[in-house]
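**Student:** Next up is a structure, given as structure tokens.
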Amino acid sequence: MKTILKVQHLSVSFTQYGRGFGRRTVDAVKDLNMKIGEGEIVAVVGASGSGKSLLAHAIMGILPYNASMEGTMEFDGAPLTMERVKKLRGHEMVLVPQSVSYLDPLMKVGAQITKGDKSPSILEKCQKVLAGYGLGKEVMSRYPFQLSGGMTRRVLISTAVMETPKLVIADEPTPGLHMEAARRVMGHFRELAETGAGVLLITHDLELALMTADRVVVLYAGQTIEEAEAAAFSDEGNLKHPYTRALCRSMPGKWSSEGDTLCDTGEILEYMRKEYGR
């Protein structure tokens, strides 16, 4: 399998200023390693604040001004420098953002998907892409506020696939959707992977991730604590870290091996706070 993205020893920190001349450095991501292959979906899961979105922003080169980054990244076999990111972003590397607010509320959907290109070939492609996600061509003439949550998510995916990308980063693509709609959205990412794209799926919902992902990377406090094949989560005995086992047990239908009660995730979180300092 050809490697599309390789991340080695990635660390992200922030400089914060307090009163007077006070300054401190906050380490948000620490020594993170991962890779994504062609046609593969890798899910990065973890609680809020674990560094999932920072990973996406680091890859896309959109970290805030007060962030510092260390480590190396390769895309399609070559170093992913900031200059290269700028050329690839929006074309071979695309981001499906977490918030639907990324869509301009004052611009019609069609113009946003085509980036204002009104050529017949682009408009025809836009209609085909929308149709592939169950949306009619009338959606092109609507504004984002005229669409449902599920329709808006599919529009965001449509903007991503107009360029036939090699890497798709989906940052929490299903918040606020009921399970049936969320499953459909996840199925769209599997379709993207089947076309050959590598997909980085960032989510806090392990159950949804396991429906689609090939591998799962678990983050806590900015660190990778476990990486496993999705199939390994069918039996918590395959998992090494207590936090990962807690996530597995906390899914609906997962029960403690010591009885018919769900595991005490609070106890596990207390262990993690002592282990990782937060």
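By convention in this document, the chains of the structure tokens carry letters A, B, ... by their order, each chain's residues are numbered from 1, and ligands are numbered from 1 in the order they are shown.
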Wanna dump the region 29-59 of chain A-region 79-102 of chain A contacts at 12 Å for me, each residue with its shortest atom pair and the distance in Å to one decimal, counting only C-alpha atoms, ordered by chain and number, as CSV?
**Tutor:**
residue,atom,partner,partner_atom,distance
A:Lys52,CA,A:Gln98,CA,11.3
A:Ser53,CA,A:Gln98,CA,8.8
A:Leu55,CA,A:Leu95,CA,11.9
A:Ala56,CA,A:Leu95,CA,8.1
A:His57,CA,A:Leu95,CA,9.1
A:Ala58,CA,A:Met82,CA,10.0
A:Ile59,CA,A:Val85,CA,8.1
**Student:** For the residues in the current selection, export N, CA and C atoms as a PDB file, in the first residue's frame.
**Tutor:**
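Okay, this is what ended up in out-v1.pdb:
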ATOM      1  N   LYS A  52      -6.824  16.416  18.631  1.00  0.00           N
ATOM      2  CA  LYS A  52      -7.256  15.861  17.348  1.00  0.00           C
ATOM      3  C   LYS A  52      -7.301  16.926  16.255  1.00  0.00           C
ATOM      4  N   SER A  53      -7.992  18.026  16.520  1.00  0.00           N
ATOM      5  CA  SER A  53      -8.126  19.074  15.501  1.00  0.00           C
ATOM      6  C   SER A  53      -6.794  19.762  15.235  1.00  0.00           C
ATOM      7  N   LEU A  55      -3.962  18.324  15.079  1.00  0.00           N
ATOM      8  CA  LEU A  55      -3.290  17.471  14.104  1.00  0.00           C
ATOM      9  C   LEU A  55      -3.739  17.841  12.697  1.00  0.00           C
ATOM     10  N   ALA A  56      -5.044  17.987  12.503  1.00  0.00           N
ATOM     11  CA  ALA A  56      -5.567  18.358  11.188  1.00  0.00           C
ATOM     12  C   ALA A  56      -5.051  19.711  10.746  1.00  0.00           C
ATOM     13  N   HIS A  57      -5.065  20.680  11.644  1.00  0.00           N
ATOM     14  CA  HIS A  57      -4.631  22.029  11.300  1.00  0.00           C
ATOM     15  C   HIS A  57      -3.131  22.078  11.015  1.00  0.00           C
ATOM     16  N   ALA A  58      -2.346  21.262  11.722  1.00  0.00           N
ATOM     17  CA  ALA A  58      -0.903  21.207  11.461  1.00  0.00           C
ATOM     18  C   ALA A  58      -0.636  20.667  10.058  1.00  0.00           C
ATOM     19  N   ILE A  59      -1.351  19.617   9.679  1.00  0.00           N
ATOM     20  CA  ILE A  59      -1.161  19.032   8.349  1.00  0.00           C
ATOM     21  C   ILE A  59      -1.535  20.034   7.265  1.00  0.00           C
TER      22      ILE A  59
END
**Student:** With DSSP run on the backbone, what are the strand (DSSP E or B) residues within region 137-225 of chain A? I'd like them as a PyMOL selection string.
**Tutor:** chain A and resi 167-171+198-203+215-220+223-225
**Student:** Name the residues in contact with region 8-17 of chain A at a cut-off of 10 Å, using only C-alpha atoms, excluding same-chain residues fewer than 4 positions from it; report them as JSON, numbers by chain.
**Tutor:** {"A": [21, 22, 23, 24, 25, 26, 27, 28, 29, 30, 31, 32, 33, 34, 35, 51, 54, 55, 58, 59, 63, 64, 65, 66, 67, 68, 69, 70, 71, 72, 73, 74, 222, 223]}
**Student:** So that I can see what lies close to region 133-142 of chain A, please list as a list of chain:residue names the residues with an atom at most 8 Å from it, counting only C-alpha atoms and leaving out residues fewer than 3 positions away in the same chain.
**Tutor:** A:Lys108, A:Val109, A:Gly110, A:Ala111, A:Gln127, A:Val129, A:Leu130, A:Gln146, A:Leu147, A:Met151, A:Arg154, A:Ser158, A:His188
**Student:** Let's have the selection written as a PDB file, in the first residue's frame, with N, CA and C atoms.
**Tutor:**
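Output saved as again-v2.pdb:
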ATOM      1  N   LYS A 108     -24.643  31.424  -2.600  1.00  0.00           N
ATOM      2  CA  LYS A 108     -25.358  30.206  -2.948  1.00  0.00           C
ATOM      3  C   LYS A 108     -24.408  29.013  -2.943  1.00  0.00           C
ATOM      4  N   VAL A 109     -24.976  27.868  -2.633  1.00  0.00           N
ATOM      5  CA  VAL A 109     -24.184  26.650  -2.474  1.00  0.00           C
ATOM      6  C   VAL A 109     -23.400  26.309  -3.739  1.00  0.00           C
ATOM      7  N   GLY A 110     -24.042  26.406  -4.889  1.00  0.00           N
ATOM      8  CA  GLY A 110     -23.368  26.048  -6.139  1.00  0.00           C
ATOM      9  C   GLY A 110     -22.119  26.865  -6.381  1.00  0.00           C
ATOM     10  N   ALA A 111     -22.193  28.163  -6.123  1.00  0.00           N
ATOM     11  CA  ALA A 111     -21.037  29.032  -6.327  1.00  0.00           C
ATOM     12  C   ALA A 111     -19.898  28.671  -5.393  1.00  0.00           C
ATOM     13  N   GLN A 127     -23.045  19.096 -10.485  1.00  0.00           N
ATOM     14  CA  GLN A 127     -24.328  18.394 -10.422  1.00  0.00           C
ATOM     15  C   GLN A 127     -24.125  16.904 -10.196  1.00  0.00           C
ATOM     16  N   VAL A 129     -21.496  15.465  -8.741  1.00  0.00           N
ATOM     17  CA  VAL A 129     -20.992  15.259  -7.382  1.00  0.00           C
ATOM     18  C   VAL A 129     -22.144  15.325  -6.382  1.00  0.00           C
ATOM     19  N   LEU A 130     -23.004  16.326  -6.522  1.00  0.00           N
ATOM     20  CA  LEU A 130     -24.149  16.448  -5.622  1.00  0.00           C
ATOM     21  C   LEU A 130     -25.080  15.243  -5.741  1.00  0.00           C
ATOM     22  N   GLN A 146     -30.871  27.353   4.035  1.00  0.00           N
ATOM     23  CA  GLN A 146     -32.044  26.677   3.485  1.00  0.00           C
ATOM     24  C   GLN A 146     -31.880  25.162   3.453  1.00  0.00           C
ATOM     25  N   LEU A 147     -30.762  24.666   3.957  1.00  0.00           N
ATOM     26  CA  LEU A 147     -30.482  23.232   3.942  1.00  0.00           C
ATOM     27  C   LEU A 147     -30.565  22.657   5.355  1.00  0.00           C
ATOM     28  N   MET A 151     -27.862  17.691   4.932  1.00  0.00           N
ATOM     29  CA  MET A 151     -27.599  18.191   3.578  1.00  0.00           C
ATOM     30  C   MET A 151     -26.353  19.084   3.578  1.00  0.00           C
ATOM     31  N   ARG A 154     -23.220  17.058   3.601  1.00  0.00           N
ATOM     32  CA  ARG A 154     -22.937  16.477   2.293  1.00  0.00           C
ATOM     33  C   ARG A 154     -22.423  17.536   1.315  1.00  0.00           C
ATOM     34  N   SER A 158     -18.964  17.533  -0.706  1.00  0.00           N
ATOM     35  CA  SER A 158     -18.954  17.805  -2.150  1.00  0.00           C
ATOM     36  C   SER A 158     -17.878  18.815  -2.516  1.00  0.00           C
ATOM     37  N   HIS A 188     -20.018   7.897   2.972  1.00  0.00           N
ATOM     38  CA  HIS A 188     -19.449   8.723   1.901  1.00  0.00           C
ATOM     39  C   HIS A 188     -17.924   8.744   1.985  1.00  0.00           C
TER      40      HIS A 188
END
**Student:** Would you please extract all helix (DSSP H, G or I) residues from region 67-227 of chain A, as assigned by DSSP on the backbone, and give them as a count of residues only?
**Tutor:** 72
**Student:** Please measure the separation of CA of Ala231 (chain A) and CA of Val44 (chain A), giving the value in Å to one decimal.
**Tutor:**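 That distance, rounded to one decimal, is 15.1 Å.
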**Student:** Of the candidates A:Leu200, A:Ala230, A:Val185, A:Val45, which one gets nearest to Lys166 (chain A) if we count only C-alpha atoms?
**Tutor:** A:Leu200
**Student:** Show me, as JSON, numbers by chain, the residues that have an atom within 8 Å of region 203-217 of chain A when counting only C-alpha atoms, minus same-chain residues fewer than 3 positions from it.
**Tutor:** {"A": [40, 41, 42, 43, 44, 45, 46, 47, 48, 52, 171, 172, 173, 182, 183, 186, 187, 189, 190, 224, 225, 226, 227, 228, 229, 230, 231, 247, 248, 251]}
**Student:** Provide the CA of Asp76 (chain A) to CA of Leu192 (chain A) distance in Å, to one decimal place.
**Tutor:** 17.1 Å
**Student:** Which residue out of A:Gly149, A:Gly132, A:Gly77, A:Gly176 has the minimum interatomic distance to Met162 (chain A) when only C-alpha atoms are used?
**Tutor:**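 Distance minimum relative to Met162 (chain A) lands on A:Gly132.
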**Student:** Just to confirm, what's the straight-line distance from CA of Ser119 (chain A) to CA of Phe145 (chain A) in Å (one decimal)?
**Tutor:** 25.7 Å
